[in-house]
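Below: work22.cif (mmCIF, C-alpha atoms and all ligand atoms)
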```cif
data_upload
#
loop_
_atom_site.label_atom_id
_atom_site.label_comp_id
_atom_site.auth_asym_id
_atom_site.auth_seq_id
_atom_site.Cartn_x
_atom_site.Cartn_y
_atom_site.Cartn_z
CA MET P 1 147.63 140.35 123.87
CA LYS P 2 145.78 137.95 121.60
CA LEU P 3 147.81 136.83 118.63
CA THR P 4 146.47 135.21 115.50
CA LEU P 5 148.38 132.83 113.29
CA THR P 6 148.35 133.14 109.52
CA ASN P 7 149.71 130.90 106.82
CA HIS P 8 152.15 133.55 105.59
CA ASN P 9 155.79 132.63 105.88
CA PHE P 10 159.08 134.37 105.38
CA SER P 11 159.47 133.31 101.76
CA THR P 12 156.15 134.85 100.74
CA LEU P 13 157.30 138.09 102.33
CA LEU P 14 160.67 137.89 100.67
CA ASN P 15 158.89 137.51 97.37
CA SER P 16 157.15 140.80 97.98
CA SER P 17 160.37 142.64 97.18
CA PHE P 18 160.20 141.23 93.66
CA ILE P 19 156.69 142.45 93.01
CA ASN P 20 157.27 146.05 93.96
CA LEU P 21 155.03 147.80 91.42
CA THR P 22 155.84 151.38 92.29
CA ARG P 23 159.45 152.11 91.61
CA PRO P 24 160.23 155.65 92.73
CA PHE P 25 162.08 158.00 90.43
CA CYS P 26 165.71 158.43 91.37
CA SER P 27 167.67 161.57 90.64
CA LEU P 28 170.82 161.13 92.73
CA SER P 29 174.19 161.71 91.11
CA LEU P 30 177.38 159.71 91.40
CA SER P 31 180.37 160.53 93.54
CA SER P 32 183.10 158.26 92.19
CA SER P 33 185.54 159.02 95.03
CA LEU P 34 183.56 157.12 97.67
CA SER P 35 185.41 154.39 99.50
CA SER P 36 184.55 152.11 102.44
CA SER P 37 186.37 151.72 105.72
CA THR P 38 187.44 148.20 104.71
CA SER P 39 189.58 146.99 101.81
CA ILE P 40 186.45 145.84 99.92
CA LYS P 41 185.45 148.14 97.08
CA PRO P 42 181.66 148.29 96.83
CA GLN P 43 180.12 148.04 93.37
CA VAL P 44 178.62 151.20 91.91
CA PRO P 45 174.92 150.71 91.01
CA ILE P 46 174.32 150.94 87.25
CA PHE P 47 172.14 154.06 87.47
CA LEU P 48 175.05 155.95 89.12
CA ARG P 49 177.65 155.00 86.50
CA PRO P 50 178.63 157.54 83.85
CA PRO P 51 177.11 156.92 80.36
CA ILE P 52 180.45 156.17 78.73
CA TYR P 53 179.23 153.42 76.37
CA SER P 54 177.41 153.90 73.13
CA THR P 55 175.65 151.41 70.93
CA LYS P 56 173.56 151.52 67.77
CA LEU P 57 169.82 151.75 68.46
CA ASN P 58 169.39 148.71 66.25
CA ASP P 59 171.73 146.62 68.45
CA LEU P 60 169.92 147.74 71.57
CA LYS P 61 166.58 146.77 69.96
CA LYS P 62 168.00 143.33 69.14
CA TRP P 63 169.09 142.85 72.76
CA HIS P 64 165.71 144.08 74.02
CA ASN P 65 163.81 141.62 71.81
CA TRP P 66 166.07 138.77 72.92
CA ALA P 67 165.64 139.70 76.61
CA LYS P 68 161.87 140.11 76.26
CA ASN P 69 161.49 136.75 74.49
CA ILE P 70 163.40 134.96 77.26
CA ALA P 71 161.26 136.70 79.90
CA PHE P 72 158.06 135.61 78.09
CA SER P 73 159.34 132.04 77.72
CA ILE P 74 159.50 131.70 81.52
CA GLY P 75 155.72 132.00 81.83
CA SER P 76 154.81 130.82 85.31
CA SER P 77 157.46 128.08 85.59
CA PHE P 78 159.39 129.88 88.40
CA VAL P 79 156.12 130.49 90.24
CA GLN P 80 155.37 126.79 90.12
CA SER P 81 158.85 125.66 91.17
CA ASP P 82 159.43 127.98 94.16
CA ASN P 83 157.01 130.92 94.00
CA GLY P 84 159.53 132.93 91.98
CA PRO P 85 158.78 135.74 89.50
CA ASP P 86 156.55 135.17 86.45
CA SER P 87 157.08 136.67 83.00
CA THR P 88 154.99 139.77 83.82
CA ILE P 89 157.34 140.62 86.70
CA LEU P 90 160.41 139.84 84.58
CA CYS P 91 159.16 142.14 81.78
CA ARG P 92 158.63 144.90 84.34
CA GLU P 93 162.19 144.38 85.61
CA LEU P 94 163.44 144.57 82.01
CA LYS P 95 161.79 147.98 81.66
CA TRP P 96 163.46 149.18 84.90
CA PHE P 97 166.76 147.71 83.72
CA ILE P 98 166.62 149.83 80.54
CA GLU P 99 165.74 152.92 82.58
CA ASP P 100 168.87 152.41 84.67
CA VAL P 101 171.17 151.58 81.76
CA VAL P 102 170.15 153.95 78.94
CA GLU P 103 170.76 157.66 79.41
CA ASN P 104 167.80 158.93 77.36
CA HIS P 105 165.42 156.03 77.73
CA HIS P 106 162.16 157.97 77.28
CA SER P 107 160.27 156.75 74.19
CA LEU P 108 163.40 154.88 73.16
CA PHE P 109 161.72 152.11 71.20
CA SER P 110 158.80 154.13 69.91
CA GLN P 111 161.05 156.49 67.96
CA VAL P 112 160.70 156.43 64.21
CA GLY P 113 164.14 157.20 63.04
CA ASP P 114 167.58 156.02 62.25
CA ASP P 115 168.42 152.60 63.63
CA ASN P 116 172.09 153.46 63.23
CA GLU P 117 171.69 156.33 65.68
CA LYS P 118 173.95 155.94 68.75
CA VAL P 119 172.46 155.46 72.19
CA LYS P 120 174.43 156.40 75.31
CA MET P 121 174.54 153.73 77.99
CA ARG P 122 175.91 153.08 81.48
CA ALA P 123 176.91 149.49 80.65
CA ASP P 124 178.32 147.80 77.59
CA ILE P 125 175.85 145.89 75.36
CA GLU P 126 177.81 142.67 76.05
CA GLU P 127 177.34 143.23 79.79
CA LEU P 128 173.58 143.58 79.22
CA TYR P 129 173.46 140.13 77.60
CA CYS P 130 175.51 138.70 80.44
CA LEU P 131 173.45 140.32 83.23
CA TRP P 132 170.08 139.31 81.76
CA LYS P 133 171.32 135.72 81.39
CA GLN P 134 172.30 135.78 85.06
CA ARG P 135 168.84 137.09 85.96
CA ILE P 136 167.02 134.31 84.11
CA GLU P 137 169.36 131.32 84.09
CA GLU P 138 170.92 131.74 87.54
CA ARG P 139 167.89 133.48 89.10
CA LYS P 140 170.20 136.24 90.35
CA PRO P 141 167.97 138.82 92.11
CA PHE P 142 167.13 141.85 89.97
CA GLN P 143 168.49 144.11 92.73
CA TYR P 144 171.93 142.49 92.39
CA ILE P 145 171.73 142.92 88.59
CA VAL P 146 171.16 146.68 88.77
CA GLY P 147 173.08 147.04 92.08
CA CYS P 148 170.43 148.86 94.10
CA GLU P 149 167.10 148.61 95.91
CA HIS P 150 164.48 151.28 96.54
CA TRP P 151 163.68 151.34 100.26
CA LYS P 152 161.59 154.05 101.87
CA ASP P 153 162.65 157.15 99.92
CA LEU P 154 166.23 155.89 99.65
CA VAL P 155 167.99 154.10 96.82
CA LEU P 156 170.46 151.79 98.52
CA SER P 157 173.39 150.09 96.87
CA VAL P 158 173.35 146.29 97.21
CA GLN P 159 175.48 143.50 95.83
CA GLU P 160 175.96 139.79 96.36
CA GLY P 161 177.07 139.29 99.99
CA VAL P 162 174.56 141.84 101.35
CA LEU P 163 170.89 141.23 102.13
CA ILE P 164 168.46 143.17 99.94
CA PRO P 165 166.45 145.29 102.40
CA ARG P 166 162.76 144.30 102.53
CA PRO P 167 159.73 146.62 102.58
CA GLU P 168 158.43 145.34 105.94
CA THR P 169 161.66 146.40 107.69
CA GLU P 170 160.80 150.03 106.86
CA LEU P 171 158.28 149.89 109.72
CA ILE P 172 161.10 149.77 112.28
CA VAL P 173 162.11 153.29 111.22
CA ASP P 174 158.49 154.41 111.67
CA LEU P 175 158.38 152.85 115.15
CA VAL P 176 161.61 154.65 116.11
CA SER P 177 160.35 157.91 114.60
CA ASP P 178 157.22 157.65 116.73
CA VAL P 179 159.22 157.00 119.93
CA VAL P 180 161.73 159.81 119.42
CA SER P 181 159.00 162.30 118.52
CA LYS P 182 157.79 161.95 122.14
CA ASN P 183 161.18 161.77 123.87
CA GLU P 184 163.84 164.40 123.23
CA GLY P 185 166.42 162.46 125.30
CA LEU P 186 166.15 159.40 123.08
CA LYS P 187 166.22 161.63 119.98
CA ARG P 188 169.61 163.02 121.03
CA GLY P 189 171.06 159.65 122.13
CA VAL P 190 173.21 156.97 120.55
CA TRP P 191 171.35 154.16 118.74
CA ALA P 192 172.63 150.84 117.45
CA ASP P 193 171.54 148.83 114.38
CA LEU P 194 172.99 145.35 114.89
CA GLY P 195 173.41 143.36 111.65
CA THR P 196 173.10 146.52 109.55
CA GLY P 197 173.49 144.84 106.12
CA SER P 198 173.18 147.59 103.49
CA GLY P 199 172.84 150.15 106.32
CA ALA P 200 169.11 150.62 105.60
CA LEU P 201 167.95 150.87 109.22
CA ALA P 202 171.01 152.85 110.36
CA ILE P 203 170.42 155.41 107.59
CA GLY P 204 166.64 155.52 108.10
CA ILE P 205 167.06 156.04 111.86
CA GLY P 206 169.97 158.47 111.44
CA ARG P 207 167.61 160.71 109.48
CA VAL P 208 164.89 160.75 112.16
CA LEU P 209 167.24 161.56 115.06
CA GLY P 210 167.86 165.07 116.24
CA ASP P 211 171.05 167.09 115.96
CA GLY P 212 172.93 165.28 118.72
CA GLY P 213 171.69 161.79 117.87
CA LYS P 214 174.00 159.17 116.39
CA VAL P 215 173.76 155.60 115.10
CA ILE P 216 176.29 152.79 115.29
CA GLY P 217 175.68 150.19 112.59
CA SER P 218 177.52 146.91 112.99
CA ASP P 219 177.79 143.68 111.04
CA LEU P 220 179.81 140.48 111.04
CA SER P 221 180.14 140.62 107.26
CA PRO P 222 182.93 142.84 105.89
CA VAL P 223 181.05 143.13 102.56
CA ALA P 224 178.00 144.44 104.43
CA VAL P 225 180.10 146.97 106.35
CA ALA P 226 181.71 148.16 103.09
CA VAL P 227 178.38 148.51 101.27
CA ALA P 228 176.75 150.20 104.28
CA GLY P 229 179.70 152.62 104.32
CA TYR P 230 179.12 153.42 100.66
CA ASN P 231 175.41 154.09 101.30
CA VAL P 232 176.13 156.22 104.38
CA GLN P 233 178.50 158.37 102.32
CA ARG P 234 176.05 158.72 99.44
CA TYR P 235 173.54 160.21 101.86
CA SER P 236 176.26 162.36 103.53
CA LEU P 237 175.61 160.83 106.95
CA GLN P 238 179.23 160.04 107.88
CA ASP P 239 179.04 162.43 110.86
CA LYS P 240 175.92 160.73 112.19
CA ILE P 241 176.52 157.04 111.44
CA GLU P 242 179.53 155.03 112.51
CA LEU P 243 180.06 151.51 111.18
CA ARG P 244 181.80 148.76 113.08
CA GLU P 245 182.67 145.20 112.08
CA GLY P 246 182.17 142.28 114.47
CA SER P 247 179.69 139.89 116.02
CA TRP P 248 176.57 141.37 117.66
CA LEU P 249 177.53 143.07 120.96
CA GLU P 250 181.28 142.52 120.67
CA PRO P 251 182.08 145.72 118.69
CA LEU P 252 179.93 147.84 121.07
CA LYS P 253 181.58 147.00 124.40
CA ASP P 254 182.23 150.70 125.02
CA MET P 255 178.45 151.36 124.85
CA GLU P 256 177.25 149.06 127.67
CA GLY P 257 174.36 150.73 129.51
CA LYS P 258 174.63 153.84 127.31
CA LEU P 259 172.47 153.19 124.25
CA ALA P 260 169.27 155.19 123.79
CA GLY P 261 168.00 152.61 121.32
CA LEU P 262 168.79 149.21 119.85
CA VAL P 263 167.24 147.81 116.66
CA SER P 264 167.90 144.69 114.67
CA ASN P 265 166.52 142.66 111.80
CA PRO P 266 168.67 139.60 112.51
CA PRO P 267 168.83 136.27 110.62
CA TYR P 268 165.70 134.39 111.73
CA ILE P 269 164.86 131.69 109.17
CA PRO P 270 164.94 128.18 110.65
CA SER P 271 167.92 126.38 109.05
CA LYS P 272 165.82 123.62 107.48
CA GLU P 273 163.73 126.18 105.55
CA ILE P 274 166.72 127.70 103.73
CA PRO P 275 166.90 125.02 100.98
CA VAL P 276 163.24 125.56 100.03
CA LEU P 277 163.38 129.34 99.74
CA GLN P 278 162.79 131.04 96.39
CA ALA P 279 166.01 130.60 94.33
CA GLU P 280 166.71 134.36 94.23
CA VAL P 281 166.92 134.27 98.03
CA GLY P 282 168.23 130.82 98.92
CA LYS P 283 170.87 130.63 96.17
CA HIS P 284 172.06 134.24 96.16
CA GLU P 285 171.47 136.10 99.41
CA PRO P 286 174.07 135.51 102.13
CA ARG P 287 173.29 132.54 104.38
CA VAL P 288 174.68 134.48 107.35
CA ALA P 289 171.89 137.03 106.81
CA LEU P 290 169.14 134.39 106.70
CA ASP P 291 169.94 131.40 108.89
CA GLY P 292 168.75 131.82 112.47
CA GLY P 293 169.61 128.29 113.64
CA ILE P 294 167.33 125.30 114.29
CA ASP P 295 164.22 127.31 115.19
CA GLY P 296 165.45 130.65 113.82
CA MET P 297 165.69 132.11 117.32
CA ASP P 298 169.47 132.02 117.96
CA ALA P 299 170.23 135.67 117.19
CA LEU P 300 166.92 136.99 118.55
CA LEU P 301 167.50 135.45 122.00
CA HIS P 302 171.07 136.75 122.01
CA LEU P 303 169.77 140.22 121.17
CA CYS P 304 167.44 140.15 124.22
CA ASP P 305 170.55 139.87 126.36
CA GLY P 306 171.93 142.72 124.26
CA ALA P 307 168.97 144.98 125.02
CA ASP P 308 169.32 144.18 128.72
CA LEU P 309 173.07 144.90 128.74
CA MET P 310 173.42 147.79 126.29
CA LEU P 311 170.40 150.05 126.84
CA LYS P 312 170.38 152.89 129.32
CA PRO P 313 167.34 153.32 131.62
CA GLY P 314 164.33 154.24 129.45
CA GLY P 315 166.09 153.03 126.28
CA PHE P 316 163.98 151.56 123.44
CA PHE P 317 164.42 148.39 121.40
CA ALA P 318 162.75 146.94 118.29
CA PHE P 319 163.43 143.53 116.75
CA GLU P 320 162.09 142.04 113.53
CA THR P 321 161.13 138.35 113.61
CA ASN P 322 159.94 135.64 111.23
CA GLY P 323 156.45 136.46 112.51
CA GLU P 324 153.73 135.23 114.85
CA LYS P 325 155.31 132.26 116.73
CA GLN P 326 158.74 133.89 117.04
CA CYS P 327 157.14 137.09 118.39
CA ARG P 328 155.32 135.10 121.05
CA GLU P 329 158.42 133.10 121.96
CA LEU P 330 160.52 136.24 122.21
CA VAL P 331 158.01 138.00 124.46
CA ASP P 332 157.67 134.87 126.63
CA TYR P 333 161.45 134.69 126.95
CA MET P 334 161.68 138.34 127.97
CA LYS P 335 158.85 137.99 130.49
CA SER P 336 160.45 134.90 132.04
CA ASN P 337 164.09 136.00 131.98
CA LYS P 338 164.28 139.77 131.60
CA SER P 339 161.32 141.16 133.52
CA ALA P 340 163.68 142.95 135.93
CA SER P 341 165.17 144.97 133.06
CA LEU P 342 162.81 144.99 130.04
CA CYS P 343 159.24 146.31 130.15
CA ASN P 344 156.29 147.65 128.12
CA LEU P 345 156.65 144.78 125.64
CA GLU P 346 154.48 145.01 122.53
CA ILE P 347 154.07 143.10 119.30
CA PHE P 348 153.48 145.00 116.06
CA ALA P 349 152.18 143.75 112.73
CA ASP P 350 153.76 144.40 109.33
CA PHE P 351 152.03 145.72 106.18
CA ALA P 352 150.54 142.28 105.55
CA GLY P 353 149.02 142.11 109.05
CA ILE P 354 151.54 139.52 110.27
CA GLN P 355 152.74 139.95 113.87
CA ARG P 356 156.33 140.81 112.97
CA PHE P 357 158.06 143.13 115.47
CA VAL P 358 158.72 143.00 119.20
CA ILE P 359 159.35 146.34 120.86
CA GLY P 360 159.88 147.48 124.43
CA PHE P 361 161.89 149.64 126.81
CA HIS P 362 164.60 149.22 129.41
CA ARG P 363 163.34 150.00 132.93
C1 LIG P 401 168.36 139.78 107.86
S1 LIG P 401 169.88 140.62 107.56
C2 LIG P 401 169.38 142.29 107.90
C3 LIG P 401 170.19 143.33 107.20
C4 LIG P 401 169.63 144.76 107.35
N1 LIG P 401 169.56 145.15 108.72
C5 LIG P 401 168.27 144.85 106.71
O1 LIG P 401 167.27 144.90 107.42
O2 LIG P 401 168.18 144.87 105.48
C6 LIG P 401 170.82 140.18 108.97
C7 LIG P 401 172.20 140.81 109.05
O3 LIG P 401 172.85 140.33 110.24
C8 LIG P 401 174.22 140.09 109.95
N2 LIG P 401 174.75 139.13 110.92
C9 LIG P 401 174.61 137.79 110.94
N3 LIG P 401 175.25 137.27 111.99
C10 LIG P 401 175.81 138.30 112.66
C11 LIG P 401 176.60 138.40 113.84
N4 LIG P 401 176.96 137.33 114.52
N5 LIG P 401 176.97 139.63 114.24
C12 LIG P 401 176.62 140.74 113.54
N6 LIG P 401 175.88 140.71 112.41
C13 LIG P 401 175.49 139.50 111.98
C14 LIG P 401 174.23 139.60 108.52
O4 LIG P 401 175.49 139.76 107.92
C15 LIG P 401 173.13 140.48 107.90
O5 LIG P 401 173.66 141.65 107.36
#
```

As structure tokens, how would this structure be written, given the file I've shared?
Ligand SMILES: C[S@@+](CC[C@H](N)C(=O)[O-])C[C@H]1O[C@@H](n2cnc3c(N)ncnc32)[C@H](O)[C@@H]1O
Amino acid sequence: MKLTLTNHNFSTLLNSSFINLTRPFCSLSLSSSLSSSTSIKPQVPIFLRPPIYSTKLNDLKKWHNWAKNIAFSIGSSFVQSDNGPDSTILCRELKWFIEDVVENHHSLFSQVGDDNEKVKMRADIEELYCLWKQRIEERKPFQYIVGCEHWKDLVLSVQEGVLIPRPETELIVDLVSDVVSKNEGLKRGVWADLGTGSGALAIGIGRVLGDGGKVIGSDLSPVAVAVAGYNVQRYSLQDKIELREGSWLEPLKDMEGKLAGLVSNPPYIPSKEIPVLQAEVGKHEPRVALDGGIDGMDALLHLCDGADLMLKPGGFFAFETNGEKQCRELVDYMKSNKSASLCNLEIFADFAGIQRFVIGFHR
């Protein structure tokens, strides 16, 4: 297969999650009794909190003007420093922020009426000042401010300590959906999502499997396991998705040679690139979710051994990489070291046309 190199890199792709123009409408309701399997209590996204606060419309307008002025003052300075968001993106985020916080946000500021009128909100006005300062001054990702990210047709809870799922990773679910649509055995089998983070892939795949199919999502990070557990419960998939804490293959010893499928979007950024990432990513997202060692390949090579060891005959695997060079290196490694067990290797491009995923089957 002929592969072409592009000048895209991981940080440009990461930035794409901050320029998501189409934010789907969300109508899910809150279940406050959800708890994770660990002692960590996941944060409830703002849009799911009850509207127990009220503030005068005038005070909300004052906050909105303050927040908008700060957003405008940023101009393109973040773009110039590290390809961060400009004021247009920040103003769009401010609009989404209000939609999540204010119960009846439609035509809120266009109303002619009483400025003393009370507005019902899901966060205190003081918290709004604090959160918007964190967004601008600390460059805290917008998704951590509101506590969620829209991914496929899901709205997943996220918080500091858990990677914000990226749009390109959605394609792994599509690849799995395609494979299981042609193979009933794989559709009814047990799948694993190693390094599940927010549980995005585990949930996406859980929904495309048939009645008997199950997913095991695992992660080294207890915060990730707790947040994934919260998301699994919100989508009522507890019977289909099991979460386990531990390093890569270690929590799945009982599944050796039994998995129908194995997917992973592991950490794959070369260590030396972490300090130059966009501040939202490099300063706030967990290093354990990003850093793939000297050349970014540490986890990916380990996962090849995982596919060899864990998959049953005919089982499918899909791995996300940093793109292009890593895809080629991974395929070369499999051809040289795993040709007795892994076959039908293919490289797939992401939405931007970058060779991003390596897929294949166990013989
Ligand atoms: C790039 S993030 C992907 C998260 C999620 N799958 C997604 O696509 O949004 C990589 C994940 O691998 C986890 N991880 C890192 N090292 C690990 C290890 N040794 N064992 C298991 N998980 C690990 C991180 O905690 C993180 O959640």

How big is the axis-aligned box around all listed atoms of ligand LIG 401 (chain P) once 6 Å goes on each side, and where's its centre, in Å to one decimal, as lines of an AutoDock Vina configuration file?
```
center_x = 172.1
center_y = 141.2
center_z = 110.0
size_x = 21.7
size_y = 19.9
size_z = 21.0
```

Compile the contact shell of Asp295 of chain P as a PyMOL selection string: residues with an atom at most 12 Å away, counting only C-alpha atoms, same-chain residues fewer than 5 positions apart removed. chain P and resi 267-274+300-301+321-322+325-326+329-330

Kindly assemble as CSV a list of the chain P residues that lie within 7 Å of ligand LIG 401 (chain P), each paired with its nearest atom pair and their distance in Å to one decimal, using only C-alpha atoms and all ligand atoms, sorted first by chain and then by ascending residue number.
```
residue,atom,partner,partner_atom,distance
P:Val162,CA,P:LIG401,O5,6.1
P:Leu163,CA,P:LIG401,C3,5.5
P:Ile164,CA,P:LIG401,O2,5.8
P:Pro165,CA,P:LIG401,O2,3.6
P:Arg166,CA,P:LIG401,O2,6.2
P:Thr169,CA,P:LIG401,O1,5.8
P:Leu194,CA,P:LIG401,N6,6.0
P:Gly195,CA,P:LIG401,O3,3.4
P:Thr196,CA,P:LIG401,N1,3.9
P:Gly197,CA,P:LIG401,O5,3.4
P:Ser198,CA,P:LIG401,C4,6.0
P:Gly199,CA,P:LIG401,C4,6.4
P:Ala200,CA,P:LIG401,O2,5.8
P:Leu201,CA,P:LIG401,N1,6.0
P:Ser218,CA,P:LIG401,C12,6.3
P:Asp219,CA,P:LIG401,N6,3.8
P:Leu220,CA,P:LIG401,C12,4.1
P:Ser221,CA,P:LIG401,O4,4.8
P:Ala224,CA,P:LIG401,O5,5.9
P:Gly246,CA,P:LIG401,C12,5.8
P:Ser247,CA,P:LIG401,N5,3.3
P:Trp248,CA,P:LIG401,N5,3.9
P:Ser264,CA,P:LIG401,N1,6.2
P:Asn265,CA,P:LIG401,C2,4.9
P:Pro266,CA,P:LIG401,C6,4.2
P:Pro267,CA,P:LIG401,C1,4.5
P:Val288,CA,P:LIG401,C9,4.9
P:Ala289,CA,P:LIG401,C15,3.8
P:Leu290,CA,P:LIG401,C1,5.6
```

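Using all atoms listed in the file, the residues found no farther than 8 Å from Gly314 of chain P, other than those of its own chain fewer than 4 positions away, are Ala260, Phe361, His362 and Arg363 of chain P.
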
Rows by chain and residue number, segment 268-319 of chain P within 12 Å of segment 80-94 of chain P, shortest pair, only C-alpha atoms, as JSON lines:
```
{"residue": "P:Pro275", "atom": "CA", "partner": "P:Asp82", "partner_atom": "CA", "distance": 10.5}
{"residue": "P:Val276", "atom": "CA", "partner": "P:Asp82", "partner_atom": "CA", "distance": 7.4}
{"residue": "P:Leu277", "atom": "CA", "partner": "P:Asp82", "partner_atom": "CA", "distance": 7.0}
{"residue": "P:Gln278", "atom": "CA", "partner": "P:Asp82", "partner_atom": "CA", "distance": 5.1}
{"residue": "P:Ala279", "atom": "CA", "partner": "P:Asp82", "partner_atom": "CA", "distance": 7.1}
{"residue": "P:Glu280", "atom": "CA", "partner": "P:Gly84", "partner_atom": "CA", "distance": 7.7}
{"residue": "P:Val281", "atom": "CA", "partner": "P:Gly84", "partner_atom": "CA", "distance": 9.6}
{"residue": "P:Gly282", "atom": "CA", "partner": "P:Asp82", "partner_atom": "CA", "distance": 10.4}
{"residue": "P:Lys283", "atom": "CA", "partner": "P:Asp82", "partner_atom": "CA", "distance": 11.9}
```

Could you please take those selected residues and save C-alpha atoms as a PDB file, keeping the file's coordinate frame?
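Output (result.pdb):
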```pdb
ATOM      1  CA  PRO P 275     166.900 125.020 100.980  1.00  0.00           C
ATOM      2  CA  VAL P 276     163.240 125.560 100.030  1.00  0.00           C
ATOM      3  CA  LEU P 277     163.380 129.340  99.740  1.00  0.00           C
ATOM      4  CA  GLN P 278     162.790 131.040  96.390  1.00  0.00           C
ATOM      5  CA  ALA P 279     166.010 130.600  94.330  1.00  0.00           C
ATOM      6  CA  GLU P 280     166.710 134.360  94.230  1.00  0.00           C
ATOM      7  CA  VAL P 281     166.920 134.270  98.030  1.00  0.00           C
ATOM      8  CA  GLY P 282     168.230 130.820  98.920  1.00  0.00           C
ATOM      9  CA  LYS P 283     170.870 130.630  96.170  1.00  0.00           C
TER      10      LYS P 283
END
```

Residue among P:Ser336, P:Asn58, P:Ser177, P:Asn104 lying closest to Met121 of chain P, counting all atoms listed in the file: P:Asn104

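Between atom CA of Ala192 of chain P and atom CA of Gly315 of chain P there is a distance of 11.2 Å.
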
For atom CA of Gly217 of chain P and atom CA of Glu324 of chain P, determine how far apart the two atoms are, in Å to one decimal place. 26.7 Å

In Å, with one decimal, what is the gap from atom CA of Gly229 of chain P to atom CA of Leu243 of chain P? 7.0 Å

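When only C-alpha atoms are used to measure the gap to Gln143 of chain P, the shortest distance among P:Lys61, P:His284, P:Lys312, P:Lys258 belongs to P:His284.
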
Mind checking which residues fall within 10 Å of Glu149 of chain P, counting all atoms listed in the file, ignoring those fewer than 2 positions away in the same chain, and posting them as a list in words? Ser17, Arg23, Pro45, Phe142, Gln143, Tyr144, Val146, Gly147, Trp151, Lys152, Leu154, Val155, Leu156, Ser157, Val158, Gln159, Ile164, Pro165, Arg166 and Ser198 of chain P

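Of the listed residues (P:Val227, P:Leu171, P:Val102, P:Ile46), P:Ile46 comes nearest to Ile145 of chain P; the distances count only C-alpha atoms.
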
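Comparing the minimum interatomic distances between Arg356 of chain P and each of P:Ala307, P:Ile172, P:Leu209, P:Ala228, counting all atoms listed in the file, we find that P:Ile172 sits nearest.
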
Skipping near chain neighbours, those fewer than 6 positions away, what residues fall within 10 Å of Trp66 of chain P using only C-alpha atoms, listed as a CSV table (one decimal) with C-alpha atoms, keeping the file's coordinate frame?
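So the final result, stored in around.csv, reads:
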```csv
chain,number,residue,atom,x,y,z
P,60,LEU,CA,169.9,147.7,71.6
P,129,TYR,CA,173.5,140.1,77.6
P,132,TRP,CA,170.1,139.3,81.8
```

Could you write segment 213-225 of chain P as a PDB file, in the coordinates of the input, with N, CA and C atoms rebuilt where they are missing?
```pdb
ATOM      1  N   GLY P 213     171.845 163.247 117.960  1.00  0.00           N
ATOM      2  CA  GLY P 213     171.690 161.790 117.870  1.00  0.00           C
ATOM      3  C   GLY P 213     172.659 161.136 116.904  1.00  0.00           C
ATOM      4  N   LYS P 214     173.066 159.920 117.257  1.00  0.00           N
ATOM      5  CA  LYS P 214     174.000 159.170 116.390  1.00  0.00           C
ATOM      6  C   LYS P 214     173.553 157.716 116.288  1.00  0.00           C
ATOM      7  N   VAL P 215     174.048 157.034 115.254  1.00  0.00           N
ATOM      8  CA  VAL P 215     173.760 155.600 115.100  1.00  0.00           C
ATOM      9  C   VAL P 215     175.075 154.862 114.894  1.00  0.00           C
ATOM     10  N   ILE P 216     175.182 153.707 115.580  1.00  0.00           N
ATOM     11  CA  ILE P 216     176.290 152.790 115.290  1.00  0.00           C
ATOM     12  C   ILE P 216     175.675 151.599 114.564  1.00  0.00           C
ATOM     13  N   GLY P 217     176.141 151.356 113.348  1.00  0.00           N
ATOM     14  CA  GLY P 217     175.680 150.190 112.590  1.00  0.00           C
ATOM     15  C   GLY P 217     176.795 149.152 112.615  1.00  0.00           C
ATOM     16  N   SER P 218     176.456 147.913 112.945  1.00  0.00           N
ATOM     17  CA  SER P 218     177.520 146.910 112.990  1.00  0.00           C
ATOM     18  C   SER P 218     177.093 145.658 112.213  1.00  0.00           C
ATOM     19  N   ASP P 219     178.081 144.924 111.754  1.00  0.00           N
ATOM     20  CA  ASP P 219     177.790 143.680 111.040  1.00  0.00           C
ATOM     21  C   ASP P 219     179.024 142.780 111.091  1.00  0.00           C
ATOM     22  N   LEU P 220     178.743 141.491 111.081  1.00  0.00           N
ATOM     23  CA  LEU P 220     179.810 140.480 111.040  1.00  0.00           C
ATOM     24  C   LEU P 220     180.462 140.441 109.664  1.00  0.00           C
ATOM     25  N   SER P 221     179.687 140.761 108.639  1.00  0.00           N
ATOM     26  CA  SER P 221     180.140 140.620 107.260  1.00  0.00           C
ATOM     27  C   SER P 221     180.900 141.868 106.796  1.00  0.00           C
ATOM     28  N   PRO P 222     182.169 141.684 106.384  1.00  0.00           N
ATOM     29  CA  PRO P 222     182.930 142.840 105.890  1.00  0.00           C
ATOM     30  C   PRO P 222     182.320 143.445 104.619  1.00  0.00           C
ATOM     31  N   VAL P 223     181.681 142.591 103.792  1.00  0.00           N
ATOM     32  CA  VAL P 223     181.050 143.130 102.560  1.00  0.00           C
ATOM     33  C   VAL P 223     179.893 144.047 102.966  1.00  0.00           C
ATOM     34  N   ALA P 224     179.114 143.606 103.967  1.00  0.00           N
ATOM     35  CA  ALA P 224     178.000 144.440 104.430  1.00  0.00           C
ATOM     36  C   ALA P 224     178.521 145.765 104.975  1.00  0.00           C
ATOM     37  N   VAL P 225     179.576 145.720 105.764  1.00  0.00           N
ATOM     38  CA  VAL P 225     180.100 146.970 106.350  1.00  0.00           C
ATOM     39  C   VAL P 225     180.578 147.900 105.224  1.00  0.00           C
TER      40      VAL P 225
END
```
